[in-house]
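Asker: One file is attached below, query-v4.txt, containing compact mmCIF, C-alpha atoms and all ligand atoms.
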```
# COMPACT_ATOMS: atom_id res chain seq x y z
CA MET A 199 -7.50 -8.78 -64.04
CA ARG A 200 -6.93 -11.87 -62.00
CA ILE A 201 -4.84 -9.91 -59.52
CA PHE A 202 -7.62 -7.36 -59.30
CA THR A 203 -10.26 -10.02 -58.56
CA GLY A 204 -7.95 -11.54 -56.00
CA LEU A 205 -7.58 -8.19 -54.30
CA ILE A 206 -11.33 -7.71 -54.13
CA LEU A 207 -11.70 -11.19 -52.74
CA MET A 208 -9.11 -10.45 -50.08
CA LEU A 209 -10.78 -7.19 -49.15
CA LEU A 210 -14.12 -8.95 -48.95
CA LEU A 211 -12.65 -11.59 -46.71
CA THR A 212 -11.08 -9.04 -44.40
CA TRP A 213 -14.35 -7.15 -44.33
CA THR A 214 -16.34 -10.25 -43.38
CA GLN A 215 -13.79 -11.20 -40.74
CA LEU A 216 -14.02 -7.72 -39.26
CA ALA A 217 -17.79 -7.80 -39.36
CA GLN A 218 -17.82 -11.13 -37.58
CA ALA A 219 -15.54 -9.95 -34.79
CA VAL A 220 -18.35 -9.01 -32.43
CA THR A 221 -17.26 -7.59 -29.12
CA ASN A 222 -18.86 -8.85 -25.97
CA VAL A 223 -19.68 -6.70 -22.95
CA ASP A 224 -18.57 -9.08 -20.21
CA ASN A 225 -19.39 -6.90 -17.24
CA ILE A 226 -20.42 -3.39 -16.27
CA ARG A 227 -19.29 -1.67 -13.10
CA ALA A 228 -20.79 1.54 -11.72
CA TRP A 229 -18.95 3.85 -9.33
CA LEU A 230 -20.97 6.62 -7.76
CA ALA A 231 -18.99 9.60 -6.47
CA PRO A 232 -20.56 12.83 -5.16
CA ASP A 233 -19.32 14.71 -8.19
CA ASN A 234 -19.43 12.08 -10.89
CA ILE A 235 -20.72 8.73 -11.98
CA ARG A 236 -18.38 6.35 -13.73
CA LEU A 237 -19.58 3.38 -15.74
CA VAL A 238 -16.94 0.88 -16.80
CA PHE A 239 -17.70 -1.67 -19.51
CA ASP A 240 -15.45 -4.73 -19.63
CA LEU A 241 -15.04 -5.61 -23.29
CA SER A 242 -13.62 -8.59 -25.13
CA SER A 243 -11.91 -6.20 -27.58
CA PRO A 244 -11.70 -2.45 -28.34
CA VAL A 245 -14.83 -0.90 -29.86
CA LYS A 246 -16.09 2.03 -31.88
CA HIS A 247 -18.54 4.05 -29.82
CA LYS A 248 -20.39 7.34 -29.69
CA VAL A 249 -21.86 9.33 -26.79
CA PHE A 250 -24.39 12.12 -27.16
CA MET A 251 -27.20 13.85 -25.31
CA LEU A 252 -30.85 14.20 -26.27
CA ASP A 253 -33.43 16.60 -24.80
CA ASN A 254 -37.05 16.27 -23.66
CA PRO A 255 -36.63 14.34 -21.50
CA GLN A 256 -32.90 14.74 -21.03
CA ARG A 257 -31.13 11.50 -21.77
CA LEU A 258 -27.72 10.25 -22.63
CA VAL A 259 -27.16 7.81 -25.46
CA LEU A 260 -24.22 5.49 -25.79
CA ASP A 261 -23.91 3.60 -29.07
CA ILE A 262 -21.37 0.80 -29.29
CA GLU A 263 -20.80 -0.78 -32.70
CA ASP A 264 -20.56 -4.52 -33.33
CA THR A 265 -21.18 -5.44 -29.74
CA LYS A 266 -23.34 -7.84 -27.78
CA LEU A 267 -24.71 -7.32 -24.29
CA ASP A 268 -26.39 -10.00 -22.21
CA LEU A 269 -26.42 -8.26 -18.86
CA ASP A 270 -29.14 -6.84 -16.69
CA VAL A 271 -28.26 -3.15 -16.56
CA ASN A 272 -30.87 -2.52 -13.89
CA ALA A 273 -28.78 -4.57 -11.46
CA LEU A 274 -26.23 -1.75 -11.42
CA GLY A 275 -28.12 0.14 -8.73
CA LEU A 276 -27.91 3.46 -10.53
CA SER A 277 -31.35 4.66 -9.52
CA LYS A 278 -29.99 6.45 -6.41
CA GLY A 279 -28.08 9.00 -8.48
CA PRO A 280 -29.39 11.42 -11.09
CA ILE A 281 -30.01 8.52 -13.47
CA GLN A 282 -33.67 7.61 -13.41
CA LYS A 283 -33.69 4.69 -15.76
CA VAL A 284 -31.33 2.68 -17.91
CA ARG A 285 -32.51 1.08 -21.12
CA THR A 286 -30.68 -1.05 -23.64
CA GLY A 287 -31.53 -2.18 -27.11
CA LYS A 288 -30.05 -3.49 -30.33
CA ARG A 289 -28.94 -1.06 -32.95
CA GLY A 290 -27.71 -2.62 -36.17
CA ASP A 291 -24.92 -4.99 -35.17
CA GLY A 292 -24.30 -3.04 -31.99
CA ILE A 293 -26.09 -1.90 -28.89
CA ARG A 294 -27.63 1.33 -27.70
CA LEU A 295 -27.70 2.24 -24.03
CA VAL A 296 -29.98 5.07 -22.96
CA LEU A 297 -29.76 6.74 -19.57
CA ASP A 298 -32.77 8.82 -18.56
CA LEU A 299 -31.42 11.71 -16.51
CA ASP A 300 -32.77 14.25 -14.06
CA SER A 301 -33.18 17.71 -15.51
CA GLU A 302 -29.73 18.68 -14.21
CA LYS A 303 -27.01 19.44 -16.73
CA ILE A 304 -24.63 16.55 -16.92
CA SER A 305 -21.52 16.56 -19.06
CA PRO A 306 -20.46 13.14 -20.35
CA LYS A 307 -16.98 12.03 -21.29
CA SER A 308 -15.83 8.67 -22.58
CA PHE A 309 -12.57 6.93 -23.30
CA GLN A 310 -11.16 3.44 -23.68
CA LEU A 311 -8.53 1.76 -21.54
CA LYS A 312 -6.04 -0.87 -22.58
CA PRO A 313 -5.74 -4.09 -20.57
CA ASN A 314 -3.66 -4.02 -17.37
CA ASP A 315 -2.90 -6.67 -14.75
CA GLN A 316 -6.41 -6.42 -13.28
CA TYR A 317 -8.72 -5.85 -16.22
CA GLY A 318 -8.96 -6.31 -19.97
CA HIS A 319 -10.20 -3.79 -22.56
CA ARG A 320 -12.53 -1.23 -21.04
CA LEU A 321 -14.79 1.55 -22.14
CA VAL A 322 -15.25 4.23 -19.49
CA LEU A 323 -18.20 6.59 -19.41
CA ASP A 324 -17.84 9.51 -17.00
CA LEU A 325 -20.78 11.72 -16.09
CA ALA A 326 -19.69 14.89 -14.31
CA LEU A 327 -22.48 16.15 -12.07
CA PRO A 328 -23.31 19.85 -11.77
CA GLU A 329 -21.20 21.88 -9.32
CA ALA A 330 -24.18 23.15 -7.30
CA ALA A 331 -25.15 19.74 -6.05
CA ARG A 332 -21.74 18.98 -4.60
CA ALA A 333 -20.71 22.34 -3.06
CA GLU A 334 -23.61 22.21 -0.66
CA SER A 335 -22.34 19.79 1.95
CA VAL A 336 -19.04 21.62 2.46
CA ALA A 337 -20.75 24.98 2.88
CA GLN A 338 -23.31 23.58 5.30
CA LYS A 339 -20.67 21.92 7.40
CA GLN A 340 -18.60 25.09 7.55
CA GLU A 341 -21.58 27.16 8.60
CA ALA A 342 -22.55 24.69 11.29
CA LYS A 343 -19.21 25.00 13.02
CA ASN A 344 -18.30 28.60 12.19
CA ASN A 345 -20.91 30.16 14.41
CA THR A 346 -18.45 31.68 16.85
CA GLY A 347 -17.19 34.90 15.34
CA PRO A 348 -14.31 35.37 12.97
CA LEU A 349 -12.29 32.42 14.25
CA ARG A 350 -12.13 29.40 12.00
CA ASP A 351 -11.69 25.68 12.33
CA ILE A 352 -8.52 23.89 11.36
CA VAL A 353 -9.40 21.89 8.25
CA ILE A 354 -7.95 18.44 7.68
CA ALA A 355 -8.29 16.77 4.28
CA VAL A 356 -8.47 13.03 4.88
CA ASP A 357 -7.61 11.03 1.79
CA ALA A 358 -8.35 7.31 1.55
CA GLY A 359 -6.14 5.97 -1.21
CA HIS A 360 -7.43 4.29 -4.38
CA GLY A 361 -11.16 3.44 -4.68
CA GLY A 362 -13.66 2.36 -7.29
CA GLU A 363 -11.99 0.83 -10.30
CA ASP A 364 -8.63 0.92 -8.49
CA PRO A 365 -8.64 -1.56 -5.55
CA GLY A 366 -5.08 -0.73 -4.45
CA ALA A 367 -3.10 -3.50 -2.78
CA LEU A 368 -4.71 -6.92 -2.44
CA GLY A 369 -4.45 -9.06 0.68
CA PRO A 370 -5.43 -12.57 1.69
CA GLY A 371 -9.10 -13.53 1.51
CA GLY A 372 -9.99 -10.73 -0.89
CA LEU A 373 -8.99 -7.99 1.55
CA ARG A 374 -8.63 -4.77 -0.44
CA GLU A 375 -6.60 -1.72 0.40
CA LYS A 376 -9.30 0.65 -0.88
CA ASN A 377 -11.80 -0.68 1.70
CA VAL A 378 -9.41 -0.87 4.66
CA VAL A 379 -8.11 2.65 4.15
CA LEU A 380 -11.62 4.05 3.67
CA SER A 381 -12.66 2.64 7.07
CA ILE A 382 -9.59 4.15 8.72
CA ALA A 383 -10.10 7.47 6.91
CA LYS A 384 -13.73 7.63 7.99
CA GLU A 385 -12.70 7.01 11.60
CA VAL A 386 -10.01 9.71 11.34
CA ALA A 387 -12.61 12.15 9.98
CA ARG A 388 -15.07 11.22 12.71
CA LEU A 389 -12.51 11.81 15.47
CA ILE A 390 -11.45 15.13 13.94
CA ASP A 391 -15.02 16.34 13.52
CA ALA A 392 -15.69 15.42 17.15
CA GLU A 393 -12.83 17.69 18.20
CA PRO A 394 -13.87 21.33 18.82
CA GLY A 395 -11.88 23.65 16.59
CA TYR A 396 -11.36 21.05 13.87
CA ARG A 397 -13.17 20.03 10.74
CA ALA A 398 -12.45 17.05 8.51
CA GLU A 399 -13.24 16.60 4.85
CA LEU A 400 -13.04 13.18 3.26
CA ILE A 401 -11.44 13.37 -0.16
CA ARG A 402 -13.49 10.32 -1.09
CA GLY A 403 -16.42 9.19 1.03
CA GLY A 404 -17.27 5.99 -0.80
CA ASP A 405 -16.09 3.38 -3.23
CA TYR A 406 -15.18 5.51 -6.21
CA TYR A 407 -11.98 6.80 -7.70
CA VAL A 408 -10.58 10.32 -7.45
CA SER A 409 -7.55 11.17 -9.61
CA LEU A 410 -4.31 11.95 -7.78
CA ARG A 411 -4.29 15.59 -8.87
CA GLY A 412 -8.01 15.69 -8.15
CA ARG A 413 -7.20 14.82 -4.54
CA THR A 414 -4.79 17.68 -3.98
CA LEU A 415 -7.13 20.00 -5.90
CA LYS A 416 -9.98 19.15 -3.58
CA ALA A 417 -7.75 19.77 -0.56
CA ARG A 418 -6.93 23.22 -1.92
CA LYS A 419 -10.58 23.98 -2.66
CA ILE A 420 -11.54 23.42 0.96
CA ASN A 421 -8.51 25.40 2.19
CA ALA A 422 -7.11 22.43 4.04
CA ASP A 423 -4.46 23.09 6.68
CA LEU A 424 -3.20 19.54 6.30
CA PHE A 425 -3.59 16.69 3.83
CA VAL A 426 -3.40 13.16 5.21
CA SER A 427 -3.34 10.30 2.72
CA ILE A 428 -3.99 6.81 4.08
CA HIS A 429 -2.76 3.64 2.40
CA ALA A 430 -1.79 0.03 3.05
CA ASP A 431 1.17 -1.60 1.40
CA ALA A 432 1.76 -4.80 -0.50
CA ALA A 433 4.97 -6.55 -1.45
CA ARG A 434 5.73 -9.70 -3.35
CA ASN A 435 7.63 -10.87 -0.30
CA LYS A 436 4.83 -11.89 2.08
CA SER A 437 7.04 -11.37 5.13
CA ALA A 438 7.54 -7.65 4.40
CA ARG A 439 5.89 -5.73 7.20
CA GLY A 440 5.71 -2.51 9.16
CA ALA A 441 3.79 0.74 8.98
CA SER A 442 5.48 3.81 7.57
CA VAL A 443 4.92 7.54 7.39
CA TRP A 444 6.00 9.52 4.35
CA VAL A 445 6.61 13.08 3.31
CA LEU A 446 7.47 14.35 -0.14
CA SER A 447 11.11 14.08 -1.01
CA GLY A 448 12.83 17.14 -2.39
CA ARG A 449 14.62 15.22 -5.08
CA GLY A 450 13.73 11.65 -5.81
CA ALA A 451 13.17 9.10 -3.13
CA SER A 452 15.16 8.62 0.01
CA SER A 453 15.15 4.88 -0.28
CA GLU A 454 14.72 2.13 -2.77
CA MET A 455 11.41 1.27 -1.16
CA GLY A 456 10.30 4.86 -1.56
CA ARG A 457 11.06 4.68 -5.22
CA TRP A 458 8.97 1.65 -5.99
CA LEU A 459 6.23 2.61 -3.58
CA ALA A 460 5.89 6.00 -5.23
CA GLN A 461 5.81 4.31 -8.59
CA LYS A 462 3.07 1.98 -7.45
CA GLU A 463 0.89 4.58 -5.71
CA ASN A 464 1.34 7.06 -8.52
CA GLY A 465 0.38 4.42 -11.06
CA ALA A 466 -3.09 4.38 -9.52
CA ASP A 467 -4.42 6.89 -12.03
CA LEU A 468 -3.79 4.43 -14.81
CA ILE A 469 -5.96 1.82 -13.14
CA GLY A 470 -8.44 4.37 -11.82
CA GLY A 471 -9.18 5.42 -15.32
CA VAL A 472 -7.50 8.32 -16.98
CA GLY A 473 -5.93 5.88 -19.36
CA SER A 474 -2.61 6.73 -20.85
CA VAL A 475 -3.05 10.43 -20.08
CA SER A 476 -0.44 11.51 -17.57
CA LEU A 477 -1.76 13.75 -14.85
CA GLU A 478 1.70 15.10 -14.21
CA ASP A 479 1.96 18.79 -14.95
CA LYS A 480 3.34 19.24 -18.40
CA ASP A 481 5.93 21.80 -17.44
CA ASP A 482 7.88 19.68 -15.03
CA LEU A 483 11.02 21.79 -14.91
CA LEU A 484 9.18 24.96 -13.97
CA ALA A 485 7.02 23.01 -11.55
CA SER A 486 10.03 21.57 -9.78
CA VAL A 487 11.72 24.98 -9.44
CA LEU A 488 8.56 26.52 -8.00
CA LEU A 489 8.09 23.51 -5.83
CA ASP A 490 11.56 23.83 -4.35
CA MET A 491 10.92 27.43 -3.44
CA SER A 492 7.49 27.21 -1.91
CA MET A 493 7.80 23.76 -0.41
CA THR A 494 10.23 24.71 2.32
CA ALA A 495 7.65 26.03 4.77
CA SER A 496 4.99 23.38 4.30
CA GLN A 497 7.71 20.73 4.09
CA SER A 498 8.89 21.43 7.62
CA SER A 499 5.29 21.31 8.88
CA SER A 500 4.80 18.06 7.01
CA ARG A 501 7.88 16.65 8.74
CA GLU A 502 6.67 17.72 12.16
CA VAL A 503 3.24 16.15 11.75
CA ALA A 504 4.78 13.05 10.19
CA ASN A 505 7.18 12.66 13.13
CA ARG A 506 4.37 12.83 15.64
CA VAL A 507 2.17 10.41 13.72
CA HIS A 508 5.13 8.07 13.28
CA SER A 509 5.90 7.96 16.99
CA ASN A 510 2.21 7.53 17.85
CA ILE A 511 1.87 4.53 15.54
CA ALA A 512 5.16 3.15 16.87
CA GLY A 513 3.43 3.06 20.25
CA PHE A 514 1.49 -0.04 19.18
CA ALA A 515 2.60 -1.18 15.72
CA ARG A 516 5.79 -2.42 14.14
CA MET A 517 7.34 0.28 11.98
CA HIS A 518 9.06 -0.28 8.67
CA LYS A 519 11.76 2.24 9.58
CA ASN A 520 12.41 4.04 12.84
CA HIS A 521 12.05 7.40 11.09
CA VAL A 522 9.82 9.23 8.66
CA GLU A 523 10.59 8.37 5.03
CA GLN A 524 10.51 10.37 1.81
CA ALA A 525 9.25 9.65 -1.69
CA GLY A 526 7.84 11.42 -4.71
CA PHE A 527 4.14 10.70 -4.19
CA VAL A 528 1.97 12.81 -6.46
CA VAL A 529 -0.65 13.31 -3.72
CA LEU A 530 1.98 14.95 -1.51
CA LYS A 531 2.87 17.54 -4.12
CA SER A 532 0.82 20.46 -2.86
CA PRO A 533 3.40 23.20 -2.40
CA ASP A 534 1.15 25.13 -0.04
CA ILE A 535 -0.52 22.41 2.04
CA PRO A 536 1.51 20.33 4.49
CA SER A 537 0.96 16.75 3.41
CA ILE A 538 1.74 13.32 4.82
CA LEU A 539 1.09 9.79 3.63
CA VAL A 540 0.58 6.93 6.07
CA GLU A 541 1.14 3.35 4.93
CA THR A 542 -0.76 1.64 7.73
CA GLY A 543 0.92 -1.74 7.23
CA PHE A 544 1.45 -4.49 4.68
CA ILE A 545 -1.84 -5.95 3.54
CA SER A 546 0.20 -8.69 1.83
CA ASN A 547 1.56 -9.83 5.20
CA PRO A 548 -0.96 -12.29 6.72
CA GLY A 549 -0.36 -11.03 10.26
CA GLU A 550 -0.69 -7.38 9.41
CA ALA A 551 -3.63 -8.05 7.10
CA ALA A 552 -5.45 -9.73 10.00
CA ASN A 553 -4.83 -6.61 12.09
CA LEU A 554 -5.80 -4.16 9.37
CA LYS A 555 -9.09 -6.00 8.91
CA LYS A 556 -10.05 -5.52 12.58
CA SER A 557 -12.19 -2.53 13.40
CA SER A 558 -10.40 -2.14 16.76
CA TYR A 559 -7.03 -1.94 15.02
CA GLN A 560 -8.36 0.50 12.43
CA LYS A 561 -9.62 2.69 15.26
CA GLN A 562 -6.29 2.51 17.07
CA MET A 563 -4.57 3.57 13.84
CA ALA A 564 -7.02 6.44 13.43
CA ARG A 565 -6.45 7.61 17.01
CA ALA A 566 -2.68 7.57 16.48
CA ILE A 567 -3.00 9.70 13.35
CA VAL A 568 -5.43 12.16 14.92
CA GLY A 569 -3.32 12.36 18.09
CA GLY A 570 -0.30 13.37 16.02
CA VAL A 571 -2.31 15.92 14.05
CA LYS A 572 -3.76 17.50 17.20
CA ALA A 573 -0.40 17.66 18.95
CA HIS A 574 1.13 19.37 15.92
CA PHE A 575 -1.57 22.01 15.56
CA TRP A 576 -1.55 22.64 19.29
CA ASP A 577 2.14 23.46 18.95
CA ARG A 578 1.68 25.56 15.83
CA PRO A 579 -1.93 26.63 15.44
CA PRO A 580 -2.64 28.66 12.31
CA SER A 581 -3.65 32.21 13.24
CA ARG A 582 -7.34 33.13 13.56
CA THR A 583 -8.29 29.60 14.50
CA HIS A 584 -10.24 28.49 17.54
CA ILE A 585 -7.26 26.41 18.57
CA ALA A 586 -4.92 29.42 18.50
CA ALA A 587 -7.40 31.37 20.63
CA ARG A 588 -7.77 28.58 23.16
CA LYS A 589 -4.04 28.20 23.43
CA ARG A 590 -3.64 31.93 24.05
CA ALA A 591 -6.29 31.65 26.73
CA GLY A 592 -3.96 29.28 28.57
CA GLU A 593 -5.55 25.95 27.88
CA THR A 594 -3.38 22.89 27.61
CA LEU A 595 -3.91 19.97 25.30
CA ALA A 596 -5.30 16.84 26.83
CA ARG A 597 -2.98 14.15 25.65
CA SER A 598 -4.60 11.10 27.10
CA GLU A 599 -3.39 8.86 24.31
CA SER A 600 -0.29 10.60 23.12
CA THR A 601 3.15 9.13 22.82
CA TYR A 602 6.45 10.69 21.85
CA ARG A 603 9.56 9.19 20.32
CA VAL A 604 12.79 10.62 21.78
CA ALA A 605 14.83 12.52 19.19
CA PRO A 606 18.53 13.41 19.39
CA GLY A 607 19.07 16.35 21.75
CA ASP A 608 15.87 15.76 23.74
CA THR A 609 15.93 15.81 27.51
CA LEU A 610 13.17 14.58 29.78
CA SER A 611 12.51 18.05 31.15
CA VAL A 612 12.29 19.61 27.68
CA ILE A 613 9.78 16.97 26.64
CA ALA A 614 7.77 17.64 29.80
CA VAL A 615 7.68 21.40 29.19
CA ARG A 616 6.82 20.95 25.53
CA ASN A 617 3.84 18.82 26.50
CA GLY A 618 2.64 21.05 29.31
CA ILE A 619 3.20 18.48 32.04
CA SER A 620 5.54 18.24 35.04
CA LEU A 621 8.74 16.26 34.95
CA ASP A 622 7.33 14.11 37.70
CA GLN A 623 4.15 13.29 35.75
CA LEU A 624 6.26 12.25 32.79
CA ARG A 625 8.51 10.06 34.95
CA ARG A 626 5.56 8.38 36.64
CA ALA A 627 3.72 7.68 33.36
CA ASN A 628 6.81 5.93 32.05
CA GLN A 629 8.03 4.37 35.29
CA LEU A 630 11.36 6.15 35.02
CA ARG A 631 13.54 6.71 38.11
CA GLY A 632 16.20 9.04 36.77
CA ASP A 633 16.37 11.37 33.81
CA ARG A 634 18.04 8.94 31.42
CA ILE A 635 16.31 8.48 28.09
CA ARG A 636 17.64 7.17 24.81
CA VAL A 637 17.04 8.27 21.23
CA GLY A 638 14.20 6.28 19.67
CA GLN A 639 12.59 5.45 23.02
CA VAL A 640 8.82 5.88 22.95
CA LEU A 641 7.43 7.76 25.94
CA LYS A 642 3.84 7.90 27.07
CA ILE A 643 2.66 11.48 27.40
CA PRO A 644 0.01 11.57 30.15
CA ALA A 645 -2.96 13.91 30.08
CA SER A 646 -2.04 17.21 31.70
ZN ZN B 701 -1.97 2.59 -1.72
```
Take the structure in this file and express it as structure tokens.
Ligand SMILES: [Zn+2]
Answerer:
Amino acid sequence: MRIFTGLILMLLLTWTQLAQAVTNVDNIRAWLAPDNIRLVFDLSSPVKHKVFMLDNPQRLVLDIEDTKLDLDVNALGLSKGPIQKVRTGKRGDGIRLVLDLDSEKISPKSFQLKPNDQYGHRLVLDLALPEAARAESVAQKQEAKNNTGPLRDIVIAVDAGHGGEDPGALGPGGLREKNVVLSIAKEVARLIDAEPGYRAELIRGGDYYVSLRGRTLKARKINADLFVSIHADAARNKSARGASVWVLSGRGASSEMGRWLAQKENGADLIGGVGSVSLEDKDDLLASVLLDMSMTASQSSSREVANRVHSNIAGFARMHKNHVEQAGFVVLKSPDIPSILVETGFISNPGEAANLKKSSYQKQMARAIVGGVKAHFWDRPPSRTHIAARKRAGETLARSESTYRVAPGDTLSVIAVRNGISLDQLRRANQLRGDRIRVGQVLKIPAS
């Protein structure tokens, strides 16, 4: 009997202790993407919660048990999206959050994240917005430019790494990779859109997160001819520096740096918020066999673009290696879309961070990337594109800002022919007397 009473006492104690362990909502972050809204609750401990919808008017209810909230939810700036109003109230020992929604159908999803090096316990609420609202802009843009018969534009998917809950690499003075690369990506997209025969699509246009697979999926949805992912590096060693250009490695990484870089960039989904769920395809063996087979064609295109972008950036920036590197980045794993990843520099290096922060440097980086892309597609335009038609009509590419890095086997005259300029023009632009060039030398390619 005494043991029994003791047991009850113990249970009671545990129960009271549990009941007293009230979780605190320390902060709420809101990330507004065109296709979803993500709310992230920073919690002092894991919680029990429930999400459900109610009609007339349509609203979403989030109940969190045994939790306190002393925050102004109206400071989240959610009113721009399909959320009309946010209300909070007490419910038993917990809280209830009610989001008044537009009449649109919104499907909610929620999950919890364990602490990582940036954040503690988190509850994530994802609201996927209806398809109709997001498809519009792509279709409109296409129509606006496709008004010249059956020819099409070359489509470039421009991917700014990280975003939203995932800041990417951190630099001095609060400089964040996600912001730097978004500025560069926007400039790349602007330059491409300004180019007749081209159209750019930003994989993310603001400060929100897109999953790694979601990025390649979006590129496929818009029928991208090329996927360009833009990043900035960080290393524990502050003196590490240099920009680099990457393509997907066939098997593993080509260098130690590639291995850890891939690990770091691929880890983004964990911070961005899919929790412990791996986005890797389940059937990895099959995937890798298929990949090997279908990669060959797009892999060689990826290499060609990467080489041109590499030599363009080398025209003004220090490079990490004097060649294109390889690693197993998830975002490069589209078997059918040539894909490159540009690490624009080390944000952890004070000198390079200072550069990367400058709008003029960001623009220079963007021009180098776009120059490489244009030069590649001028060489190998996809059929039925405006660029292919213009090339057939005998136009030559204006290469006012182009540079080229001499590869083994190159001769000055071959480079001149390839770029549609005379040998003499090439010599003059580079102040060369004879025909001697060396491998690795960067030549200016003048406008033809
Ligand atoms: Zn990155």
Asker: Could you give me, as a list of chain:residue names, every polymer residue with an atom at most 8 Å away from an atom of ligand ZN 701 (chain B), counting only C-alpha atoms and all ligand atoms?
Answerer: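 Using only C-alpha atoms and all ligand atoms, everything at most 8 Å from ligand ZN 701 (chain B) comes to A:Gly359, A:His360, A:Gly366, A:Ala367, A:Glu375, A:Lys376, A:Ile428, A:His429, A:Ala430, A:Asp431, A:Lys462, A:Glu463, A:Glu541.
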Asker: If we count all atoms listed in the file and set the cut-off at 9 Å, which residues sit around Ser537 (chain A), ignoring sequence neighbours fewer than 6 positions away in its own chain? Please answer as a ChimeraX atom specification.
Answerer: /A:423-427,444-446,496-497,499-501,503-504,529-531
Asker: Write out as a CSV table (one decimal) with C-alpha atoms, in the coordinates of the input each polymer residue whose atoms come within 7 Å of Ala387 (chain A), counting only C-alpha atoms; drop sequence neighbours fewer than 6 positions from it.
Answerer:
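And here is the file that came out, out-v6.csv:
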```csv
chain,number,residue,atom,x,y,z
A,356,VAL,CA,-8.5,13.0,4.9
A,398,ALA,CA,-12.4,17.0,8.5
A,399,GLU,CA,-13.2,16.6,4.8
A,400,LEU,CA,-13.0,13.2,3.3
```
Asker: Which one is closest to Lys312 (chain A): A:Ala441, A:Ala515, A:Val245, A:Ile613? Count only C-alpha atoms.
Answerer: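 Closest to Lys312 (chain A), using only C-alpha atoms: A:Val245.
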Asker: Quick one: residues within 12 Å of Pro579 (chain A), only C-alpha atoms, excluding same-chain residues fewer than 6 positions away - as a list in words?
Answerer: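 The residues satisfying every condition are Leu349, Arg350, Asp351, Ile352, Val353, Gly395, Tyr396, Asp423, Leu424, Ser499, Val571, Lys572, Ala573, Ile585, Ala586, Ala587, Arg588, Lys589 and Arg590 of chain A.
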Asker: Which neighbours of Arg411 (chain A) fall inside 8 Å, counting all atoms listed in the file, when residues of the same chain fewer than 3 positions from it are skipped, and could you give them as a PyMOL selection string?
Answerer: chain A and resi 414-415+477+528-529
Asker: Take the residues just selected and output them with C-alpha atoms as an mmCIF file, in the frame of the given file.
Answerer:
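Below is the file result07.cif, written as the result:
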```
data_model
loop_
_atom_site.group_PDB
_atom_site.id
_atom_site.type_symbol
_atom_site.label_atom_id
_atom_site.label_comp_id
_atom_site.auth_asym_id
_atom_site.auth_seq_id
_atom_site.Cartn_x
_atom_site.Cartn_y
_atom_site.Cartn_z
ATOM 1 C CA THR A 414 -4.790 17.680 -3.980
ATOM 2 C CA LEU A 415 -7.130 20.000 -5.900
ATOM 3 C CA LEU A 477 -1.760 13.750 -14.850
ATOM 4 C CA VAL A 528 1.970 12.810 -6.460
ATOM 5 C CA VAL A 529 -0.650 13.310 -3.720
#
```
Asker: Write out as an NGL selection string which residues come within 6 Å of Val296 (chain A) when counting all atoms listed in the file, dropping same-chain ones fewer than 2 positions away.
Answerer: :A and (258-259 or 284-285)
Asker: Report, in Å with one decimal, the straight-line distance from CA of Asn234 (chain A) to CA of Leu327 (chain A).
Answerer: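 Atom-to-atom, CA of Asn234 (chain A) and CA of Leu327 (chain A) are spaced 5.2 Å apart.
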Asker: Can you work out the spacing between CA of Asp357 (chain A) and CA of Tyr407 (chain A) in Å, to one decimal?
Answerer: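 That distance, rounded to one decimal, is 11.3 Å.
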Asker: Between A:His584, A:Arg294, A:Lys307, A:Lys248, single out the one closest to Leu323 (chain A), counting only C-alpha atoms.
Answerer: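 Using only C-alpha atoms, Leu323 (chain A) sits closest to A:Lys307.
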Asker: Using all atoms listed in the file, pick whichever of A:Val540, A:Ile235, A:Ile390, A:Leu274 has the shortest atom-to-atom distance to Val322 (chain A).
Answerer: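 Closest to Val322 (chain A) of all the choices is A:Ile235.
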Asker: Identify which of the residues A:Lys436, A:Arg227, A:Arg320, A:Arg289 lies closest to Leu260 (chain A), counting all atoms listed in the file when measuring atom-to-atom distances.
Answerer: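 Of all the options, A:Arg289 lies closest to Leu260 (chain A).
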Asker: Separation of CA of Val507 (chain A) and CA of Gly372 (chain A), in Å?
Answerer: 28.4 Å
